[in-house]
file work-v9.pdb (PDB, C-alpha atoms)
ATOM      1  CA  MET A   1    -171.332 -47.063-295.748
ATOM      2  CA  ARG A   2    -171.908 -45.911-292.244
ATOM      3  CA  LYS A   3    -172.544 -42.378-291.159
ATOM      4  CA  PRO A   4    -169.889 -40.841-288.880
ATOM      5  CA  LEU A   5    -170.966 -39.962-285.343
ATOM      6  CA  PHE A   6    -169.870 -36.368-285.710
ATOM      7  CA  PRO A   7    -170.159 -35.348-289.291
ATOM      8  CA  LEU A   8    -167.706 -32.589-290.152
ATOM      9  CA  ARG A   9    -168.917 -30.457-292.934
ATOM     10  CA  LEU A  10    -166.606 -27.680-293.910
ATOM     11  CA  ARG A  11    -168.466 -25.024-295.755
ATOM     12  CA  SER A  12    -165.433 -22.981-296.649
ATOM     13  CA  ASP A  13    -161.665 -22.812-296.597
ATOM     14  CA  ARG A  14    -161.882 -20.432-293.663
ATOM     15  CA  ALA A  15    -163.099 -23.114-291.258
ATOM     16  CA  LEU A  16    -160.348 -25.463-292.467
ATOM     17  CA  ARG A  17    -157.703 -22.786-291.862
ATOM     18  CA  CYS A  18    -158.996 -22.166-288.341
ATOM     19  CA  ILE A  19    -158.788 -25.879-287.510
ATOM     20  CA  VAL A  20    -155.253 -26.143-288.910
ATOM     21  CA  VAL A  21    -154.080 -23.064-286.975
ATOM     22  CA  LEU A  22    -155.687 -24.265-283.749
ATOM     23  CA  THR A  23    -154.177 -27.742-284.075
ATOM     24  CA  GLY A  24    -150.747 -26.322-284.937
ATOM     25  CA  SER A  25    -150.689 -23.913-282.000
ATOM     26  CA  LEU A  26    -151.670 -26.615-279.525
ATOM     27  CA  THR A  27    -148.989 -28.914-280.905
ATOM     28  CA  LEU A  28    -146.257 -26.270-280.695
ATOM     29  CA  ASN A  29    -147.279 -25.296-277.167
ATOM     30  CA  ALA A  30    -147.018 -28.924-276.071
ATOM     31  CA  CYS A  31    -143.526 -29.192-277.583
ATOM     32  CA  THR A  32    -142.206 -26.193-275.685
ATOM     33  CA  THR A  33    -143.574 -27.546-272.415
ATOM     34  CA  ILE A  34    -141.926 -30.901-273.012
ATOM     35  CA  LEU A  35    -138.617 -29.445-274.235
ATOM     36  CA  THR A  36    -138.130 -27.165-271.231
ATOM     37  CA  HIS A  37    -138.298 -30.072-268.783
ATOM     38  CA  LEU A  38    -136.157 -32.649-270.547
ATOM     39  CA  PRO A  39    -133.641 -34.313-268.234
ATOM     40  CA  GLY A  40    -129.983 -33.682-269.027
ATOM     41  CA  VAL A  41    -130.590 -30.497-271.021
ATOM     42  CA  TYR A  42    -128.405 -27.592-269.913
ATOM     43  CA  THR A  43    -130.175 -24.359-269.077
ATOM     44  CA  VAL A  44    -128.328 -21.103-268.556
ATOM     45  CA  ASP A  45    -128.583 -19.465-265.140
ATOM     46  CA  VAL A  46    -129.720 -15.886-265.643
ATOM     47  CA  GLN A  47    -128.814 -13.364-262.950
ATOM     48  CA  GLN A  48    -129.532  -9.683-263.392
ATOM     49  CA  GLY A  49    -129.202  -6.579-261.270
ATOM     50  CA  ASN A  50    -127.329  -5.931-258.049
ATOM     51  CA  MET A  51    -126.402  -8.946-255.941
ATOM     52  CA  ILE A  52    -128.223  -8.264-252.692
ATOM     53  CA  ASP A  53    -127.863 -10.389-249.598
ATOM     54  CA  GLN A  54    -128.824 -10.004-245.970
ATOM     55  CA  SER A  55    -125.258  -9.259-244.817
ATOM     56  CA  MET A  56    -125.167  -6.172-247.061
ATOM     57  CA  VAL A  57    -128.505  -4.913-245.766
ATOM     58  CA  ASP A  58    -127.419  -5.538-242.155
ATOM     59  CA  GLN A  59    -124.636  -2.987-242.600
ATOM     60  CA  LEU A  60    -127.089  -0.212-243.488
ATOM     61  CA  ARG A  61    -127.895   2.216-240.695
ATOM     62  CA  PRO A  62    -130.011   5.367-240.462
ATOM     63  CA  ASN A  63    -128.192   8.633-241.234
ATOM     64  CA  MET A  64    -125.618   6.968-243.490
ATOM     65  CA  THR A  65    -124.497   9.129-246.398
ATOM     66  CA  LYS A  66    -125.102   8.236-250.024
ATOM     67  CA  ARG A  67    -121.375   7.611-250.418
ATOM     68  CA  GLN A  68    -121.368   5.053-247.591
ATOM     69  CA  VAL A  69    -124.398   3.290-249.073
ATOM     70  CA  LEU A  70    -122.707   3.286-252.470
ATOM     71  CA  TYR A  71    -119.665   1.573-250.912
ATOM     72  CA  ILE A  72    -121.777  -1.129-249.230
ATOM     73  CA  MET A  73    -124.473  -1.799-251.840
ATOM     74  CA  GLY A  74    -122.898  -0.689-255.110
ATOM     75  CA  SER A  75    -124.550   1.622-257.594
ATOM     76  CA  PRO A  76    -128.352   1.465-257.656
ATOM     77  CA  MET A  77    -130.118  -0.338-260.466
ATOM     78  CA  LEU A  78    -132.723   2.392-260.838
ATOM     79  CA  THR A  79    -132.373   6.097-260.151
ATOM     80  CA  ASP A  80    -135.528   7.964-260.954
ATOM     81  CA  TYR A  81    -135.085  11.441-262.362
ATOM     82  CA  PHE A  82    -138.233  12.641-260.605
ATOM     83  CA  HIS A  83    -137.345  10.988-257.265
ATOM     84  CA  GLN A  84    -133.666  11.780-256.692
ATOM     85  CA  ASN A  85    -133.963  10.781-253.026
ATOM     86  CA  ARG A  86    -134.888   7.162-253.777
ATOM     87  CA  TRP A  87    -132.512   4.400-254.839
ATOM     88  CA  ASP A  88    -133.860   1.037-255.999
ATOM     89  CA  PHE A  89    -131.729  -2.097-255.916
ATOM     90  CA  ILE A  90    -133.241  -5.027-257.820
ATOM     91  CA  TYR A  91    -131.897  -8.554-258.182
ATOM     92  CA  SER A  92    -133.530 -11.300-260.214
ATOM     93  CA  ALA A  93    -132.322 -14.839-260.751
ATOM     94  CA  GLN A  94    -133.570 -17.748-262.797
ATOM     95  CA  LEU A  95    -131.560 -20.802-261.818
ATOM     96  CA  ASP A  96    -131.779 -24.238-263.467
ATOM     97  CA  GLY A  97    -134.736 -23.291-265.646
ATOM     98  CA  GLU A  98    -136.987 -22.695-262.645
ATOM     99  CA  ASP A  99    -139.262 -19.738-262.120
ATOM    100  CA  ARG A 100    -137.626 -16.344-261.829
ATOM    101  CA  GLN A 101    -137.056 -15.049-258.306
ATOM    102  CA  GLN A 102    -136.853 -11.311-257.735
ATOM    103  CA  LYS A 103    -135.641  -9.430-254.682
ATOM    104  CA  ARG A 104    -135.712  -5.681-254.292
ATOM    105  CA  ILE A 105    -134.906  -3.011-251.764
ATOM    106  CA  SER A 106    -135.544   0.726-251.897
ATOM    107  CA  LEU A 107    -133.563   3.260-249.893
ATOM    108  CA  PHE A 108    -134.957   6.698-249.140
ATOM    109  CA  PHE A 109    -132.727   9.700-248.487
ATOM    110  CA  GLN A 110    -133.282  13.120-247.012
ATOM    111  CA  ASN A 111    -130.443  15.657-247.224
ATOM    112  CA  ASP A 112    -128.228  12.827-248.595
ATOM    113  CA  LEU A 113    -128.774  10.715-245.446
ATOM    114  CA  VAL A 114    -130.665   7.401-245.218
ATOM    115  CA  VAL A 115    -134.083   7.869-243.619
ATOM    116  CA  GLY A 116    -135.928   4.732-244.750
ATOM    117  CA  ILE A 117    -135.583   1.216-246.123
ATOM    118  CA  GLN A 118    -138.354  -0.653-247.890
ATOM    119  CA  GLY A 119    -138.405  -3.993-249.692
ATOM    120  CA  ASP A 120    -137.785  -7.707-249.262
ATOM    121  CA  PHE A 121    -134.987  -7.328-246.680
ATOM    122  CA  ARG A 122    -134.986  -5.921-243.161
ATOM    123  CA  PRO A 123    -131.795  -4.722-241.465
ATOM    124  CA  SER A 124    -130.886  -6.433-238.201
ATOM    125  CA  GLN A 125    -130.984  -4.600-234.901
ATOM    126  CA  ASN A 126    -127.506  -5.809-233.911
ATOM    127  CA  GLN A 127    -124.448  -3.759-234.752
ATOM    128  CA  VAL A 128    -122.566  -5.419-237.599
ATOM    129  CA  THR A 129    -118.829  -5.067-237.961
ATOM    130  CA  LYS A 130    -117.178  -6.193-241.122
ATOM    131  CA  PRO A 131    -113.495  -7.124-240.810
ATOM    132  CA  ALA A 132    -111.305  -5.177-243.184
ATOM    133  CA  PRO A 133    -109.270  -7.455-245.466
ATOM    134  CA  GLU A 134    -106.801  -4.667-246.230
ATOM    135  CA  THR A 135    -103.271  -4.647-244.869
ATOM    136  CA  THR A 136    -100.952  -1.712-244.372
ATOM    137  CA  ILE A 137     -97.578  -1.688-246.096
ATOM    138  CA  ASP A 138     -94.800   0.759-245.282
ATOM    139  CA  VAL A 139     -93.232   1.980-248.490
ATOM    140  CA  PRO A 140     -89.684   3.369-248.269
ATOM    141  CA  LYS A 141     -89.224   7.005-249.117
ATOM    142  CA  ARG A 142     -88.190   7.693-252.679
ATOM    143  CA  ASP A 143     -85.049   9.538-253.598
ATOM    144  CA  LEU A 144     -86.457  12.361-255.680
ATOM    145  CA  GLU A 145     -83.129  14.098-256.312
ATOM    146  CA  LYS A 146     -82.260  11.776-259.178
ATOM    147  CA  THR A 147     -84.252  11.214-262.312
ATOM    148  CA  LEU A 148     -85.283   7.742-263.391
ATOM    149  CA  TRP A 149     -82.564   7.643-266.024
ATOM    150  CA  GLU A 150     -79.890   8.612-263.496
ATOM    151  CA  THR A 151     -81.106   5.912-261.115
ATOM    152  CA  ILE A 152     -80.957   3.231-263.825
ATOM    153  CA  ARG A 153     -77.473   4.335-264.872
ATOM    154  CA  GLY A 154     -76.427   4.133-261.205
ATOM    155  CA  TRP A 155     -77.454   0.469-261.069
ATOM    156  CA  PHE A 156     -74.934  -0.311-263.793
ATOM    157  CA  GLY A 157     -72.118   1.748-262.343
ATOM    158  CA  TYR A 158     -72.574   4.833-264.476
ATOM    159  CA  ASP A 159     -73.362   7.313-261.786
ATOM    160  CA  GLY A 160     -72.011  10.333-263.593
ATOM    161  CA  ILE A 161     -68.501  10.215-262.154
ATOM    162  CA  GLU A 162     -65.823   9.482-264.702
ATOM    163  CA  ASN A 163     -63.234   7.020-263.366
ATOM    164  CA  SER A 164     -60.754   7.541-266.175
ATOM    165  CA  PRO A 165     -58.062  10.221-265.701
ATOM    166  CA  LYS A 166     -58.653  13.369-267.613
ATOM    167  CA  THR A 167     -55.888  14.488-269.995
ATOM    168  CA  GLU A 168     -55.662  18.054-270.946
ATOM    169  CA  LYS A 169     -54.575  18.879-274.417
ATOM    170  CA  THR A 170     -51.591  21.178-274.418
ATOM    171  CA  PRO A 171     -50.587  22.993-277.546
ATOM    172  CA  LYS A 172     -47.397  21.700-279.167
ATOM    173  CA  PRO A 173     -44.451  24.062-279.000
ATOM    174  CA  ALA A 174     -43.660  25.712-282.253
ATOM    175  CA  SER A 175     -40.339  24.875-283.789
ATOM    176  CA  ALA A 176     -37.452  27.306-283.187
ATOM    177  CA  ASN A 177     -36.673  27.818-286.842
ATOM    178  CA  THR A 178     -39.808  29.466-287.922
ATOM    179  CA  ASP A 179     -37.887  32.392-289.417
ATOM    180  CA  SER A 180     -35.684  30.342-291.722
ATOM    181  CA  PRO A 181     -36.405  30.474-295.384
ATOM    182  CA  VAL A 182     -37.604  27.386-296.904
TER     183      VAL A 182
END

call {"tool": "encode", "arguments": {"input": "work-v9.pdb", "output": "structure tokens"}}
result
Amino acid sequence: MRKPLFPLRLRSDRALRCIVVLTGSLTLNACTTILTHLPGVYTVDVQQGNMIDQSMVDQLRPNMTKRQVLYIMGSPMLTDYFHQNRWDFIYSAQLDGEDRQQKRISLFFQNDLVVGIQGDFRPSQNQVTKPAPETTIDVPKRDLEKTLWETIRGWFGYDGIENSPKTEKTPKPASANTDSPV
């Protein structure tokens, strides 16, 4: 019998356990690496936070009120209790199982007006005008003298005016022989 090149002498169960744990952890780590990059496996796109794009940031201007910023950017992802004059907008996306991408922008206010912008986006110097998709509709004036029930009855011809002739009940004349004995 030949001697092995690297004789492995285990003096206790503890060394055997360490080898088994080490081998198992390396094997499991290799499986997760292989399984995340298999072709044809669907991975869920994860998007979190406020959707931020350059067109939104281009609309921001100095001295805008918090209400105007809220209309353009939406509600901030983070509002710090200790820094009420700072709004943080954070957007992170992990598409197709790739690495996560994170974009952020912080707006600084003074007296409820924008005084600074910091983050991954820079506003453009050009004036941006956003076309309004709203249209104006003229609504006819409502007739408020009738209730809803009266209006519905009017559609069906019951407008409160009786078309049938009214008959008054007249008392019948008493007979002439009321004094005769019966």

call {"tool": "closest_residue", "arguments": {"input": "work-v9.pdb", "among": "A:Leu70, A:Val57, A:Val139, A:Ile90", "to": "A:Ile117", "atoms": "only C-alpha atoms"}}
result
A:Val57

call {"tool": "resolve_selection", "arguments": {"input": "work-v9.pdb", "expression": "the PyMOL selection byres ((chain A and resi 83) around 12)", "output": "PyMOL selection string"}}
result
chain A and resi 78-82+84-88+106-110

call {"tool": "closest_residue", "arguments": {"input": "work-v9.pdb", "among": "A:Asn126, A:Gln94, A:Thr135, A:Thr147", "to": "A:Gln47", "atoms": "all atoms listed in the file"}}
result
A:Gln94

call {"tool": "atom_distance", "arguments": {"input": "work-v9.pdb", "atom1": "atom CA of A:Ile105", "atom2": "atom CA of A:Gly119"}}
result
4.2 Å

call {"tool": "closest_residue", "arguments": {"input": "work-v9.pdb", "among": "A:Ala93, A:Leu26, A:Met56, A:Met77", "to": "A:Ser124", "atoms": "all atoms listed in the file"}}
result
A:Met56

call {"tool": "atom_distance", "arguments": {"input": "work-v9.pdb", "atom1": "atom CA of A:Pro133", "atom2": "atom CA of A:Gly74"}}
result
18.0 Å

call {"tool": "resolve_selection", "arguments": {"input": "work-v9.pdb", "expression": "the PyMOL selection byres ((chain A and resi 45) around 7)", "output": "list in words"}}
result
Thr43, Val44, Val46, Gln47, Gln94, Leu95 and Asp96 of chain A

call {"tool": "atom_distance", "arguments": {"input": "work-v9.pdb", "atom1": "atom CA of A:Thr23", "atom2": "atom CA of A:Asp99"}}
result
27.7 Å

call {"tool": "residues_around", "arguments": {"input": "work-v9.pdb", "residues": "A:Lys103", "least_positions_apart": "4", "cutoff": "10 Å", "atoms": "all atoms listed in the file", "output": "mmCIF file with C-alpha atoms, keeping the file's coordinate frame"}}
result
data_model
loop_
_atom_site.group_PDB
_atom_site.id
_atom_site.type_symbol
_atom_site.label_atom_id
_atom_site.label_comp_id
_atom_site.auth_asym_id
_atom_site.auth_seq_id
_atom_site.Cartn_x
_atom_site.Cartn_y
_atom_site.Cartn_z
ATOM 1 C CA GLY A 49 -129.202 -6.579 -261.270
ATOM 2 C CA ASN A 50 -127.329 -5.931 -258.049
ATOM 3 C CA MET A 51 -126.402 -8.946 -255.941
ATOM 4 C CA ILE A 52 -128.223 -8.264 -252.692
ATOM 5 C CA ASP A 53 -127.863 -10.389 -249.598
ATOM 6 C CA PHE A 89 -131.729 -2.097 -255.916
ATOM 7 C CA ILE A 90 -133.241 -5.027 -257.820
ATOM 8 C CA TYR A 91 -131.897 -8.554 -258.182
ATOM 9 C CA SER A 92 -133.530 -11.300 -260.214
ATOM 10 C CA ALA A 93 -132.322 -14.839 -260.751
ATOM 11 C CA GLY A 119 -138.405 -3.993 -249.692
ATOM 12 C CA ASP A 120 -137.785 -7.707 -249.262
ATOM 13 C CA PHE A 121 -134.987 -7.328 -246.680
#

call {"tool": "residues_around", "arguments": {"input": "work-v9.pdb", "residues": "A:Gln125", "least_positions_apart": "3", "cutoff": "12 Å", "atoms": "only C-alpha atoms", "output": "list of chain:residue names"}}
result
A:Val57, A:Asp58, A:Gln59, A:Leu60, A:Arg61, A:Pro62, A:Arg122, A:Val128

call {"tool": "build_atoms", "arguments": {"input": "work-v9.pdb", "residues": "stretch 43-67 of chain A", "atoms": "N, CA and C atoms", "output": "CSV table (one decimal), keeping the file's coordinate frame"}}
result
chain,number,residue,atom,x,y,z
A,43,THR,N,-129.5,-25.7,-269.0
A,43,THR,CA,-130.2,-24.4,-269.1
A,43,THR,C,-129.3,-23.3,-268.4
A,44,VAL,N,-129.2,-22.2,-269.0
A,44,VAL,CA,-128.3,-21.1,-268.6
A,44,VAL,C,-128.9,-20.4,-267.3
A,45,ASP,N,-128.1,-20.2,-266.3
A,45,ASP,CA,-128.6,-19.5,-265.1
A,45,ASP,C,-128.5,-18.0,-265.5
A,46,VAL,N,-129.6,-17.3,-265.3
A,46,VAL,CA,-129.7,-15.9,-265.6
A,46,VAL,C,-129.8,-15.1,-264.3
A,47,GLN,N,-128.8,-14.2,-264.1
A,47,GLN,CA,-128.8,-13.4,-263.0
A,47,GLN,C,-128.7,-11.9,-263.4
A,48,GLN,N,-129.6,-11.1,-263.0
A,48,GLN,CA,-129.5,-9.7,-263.4
A,48,GLN,C,-129.7,-8.8,-262.2
A,49,GLY,N,-129.1,-7.6,-262.3
A,49,GLY,CA,-129.2,-6.6,-261.3
A,49,GLY,C,-128.1,-6.6,-260.3
A,50,ASN,N,-128.3,-6.0,-259.1
A,50,ASN,CA,-127.3,-5.9,-258.0
A,50,ASN,C,-127.5,-7.2,-257.2
A,51,MET,N,-126.4,-7.8,-256.9
A,51,MET,CA,-126.4,-8.9,-255.9
A,51,MET,C,-126.7,-8.4,-254.6
A,52,ILE,N,-127.8,-8.8,-254.0
A,52,ILE,CA,-128.2,-8.3,-252.7
A,52,ILE,C,-128.3,-9.5,-251.8
A,53,ASP,N,-127.7,-9.4,-250.6
A,53,ASP,CA,-127.9,-10.4,-249.6
A,53,ASP,C,-128.1,-9.7,-248.2
A,54,GLN,N,-128.5,-10.5,-247.3
A,54,GLN,CA,-128.8,-10.0,-246.0
A,54,GLN,C,-127.6,-9.3,-245.3
A,55,SER,N,-126.4,-9.8,-245.5
A,55,SER,CA,-125.3,-9.3,-244.8
A,55,SER,C,-125.0,-7.8,-245.3
A,56,MET,N,-125.3,-7.5,-246.6
A,56,MET,CA,-125.2,-6.2,-247.1
A,56,MET,C,-126.2,-5.2,-246.4
A,57,VAL,N,-127.4,-5.7,-246.3
A,57,VAL,CA,-128.5,-4.9,-245.8
A,57,VAL,C,-128.3,-4.7,-244.3
A,58,ASP,N,-127.7,-5.7,-243.6
A,58,ASP,CA,-127.4,-5.5,-242.2
A,58,ASP,C,-126.4,-4.4,-241.9
A,59,GLN,N,-125.6,-4.1,-242.8
A,59,GLN,CA,-124.6,-3.0,-242.6
A,59,GLN,C,-125.2,-1.6,-242.7
A,60,LEU,N,-126.4,-1.5,-243.3
A,60,LEU,CA,-127.1,-0.2,-243.5
A,60,LEU,C,-127.6,0.3,-242.2
A,61,ARG,N,-127.4,1.6,-241.9
A,61,ARG,CA,-127.9,2.2,-240.7
A,61,ARG,C,-128.5,3.6,-241.1
A,62,PRO,N,-129.4,4.0,-240.2
A,62,PRO,CA,-130.0,5.4,-240.5
A,62,PRO,C,-128.9,6.4,-240.4
A,63,ASN,N,-129.1,7.5,-241.2
A,63,ASN,CA,-128.2,8.6,-241.2
A,63,ASN,C,-126.9,8.3,-241.9
A,64,MET,N,-126.8,7.2,-242.7
A,64,MET,CA,-125.6,7.0,-243.5
A,64,MET,C,-125.7,7.9,-244.7
A,65,THR,N,-124.5,8.3,-245.2
A,65,THR,CA,-124.5,9.1,-246.4
A,65,THR,C,-124.7,8.3,-247.7
A,66,LYS,N,-125.0,8.9,-248.7
A,66,LYS,CA,-125.1,8.2,-250.0
A,66,LYS,C,-123.8,7.6,-250.4
A,67,ARG,N,-122.7,8.2,-250.1
A,67,ARG,CA,-121.4,7.6,-250.4
A,67,ARG,C,-121.1,6.3,-249.6
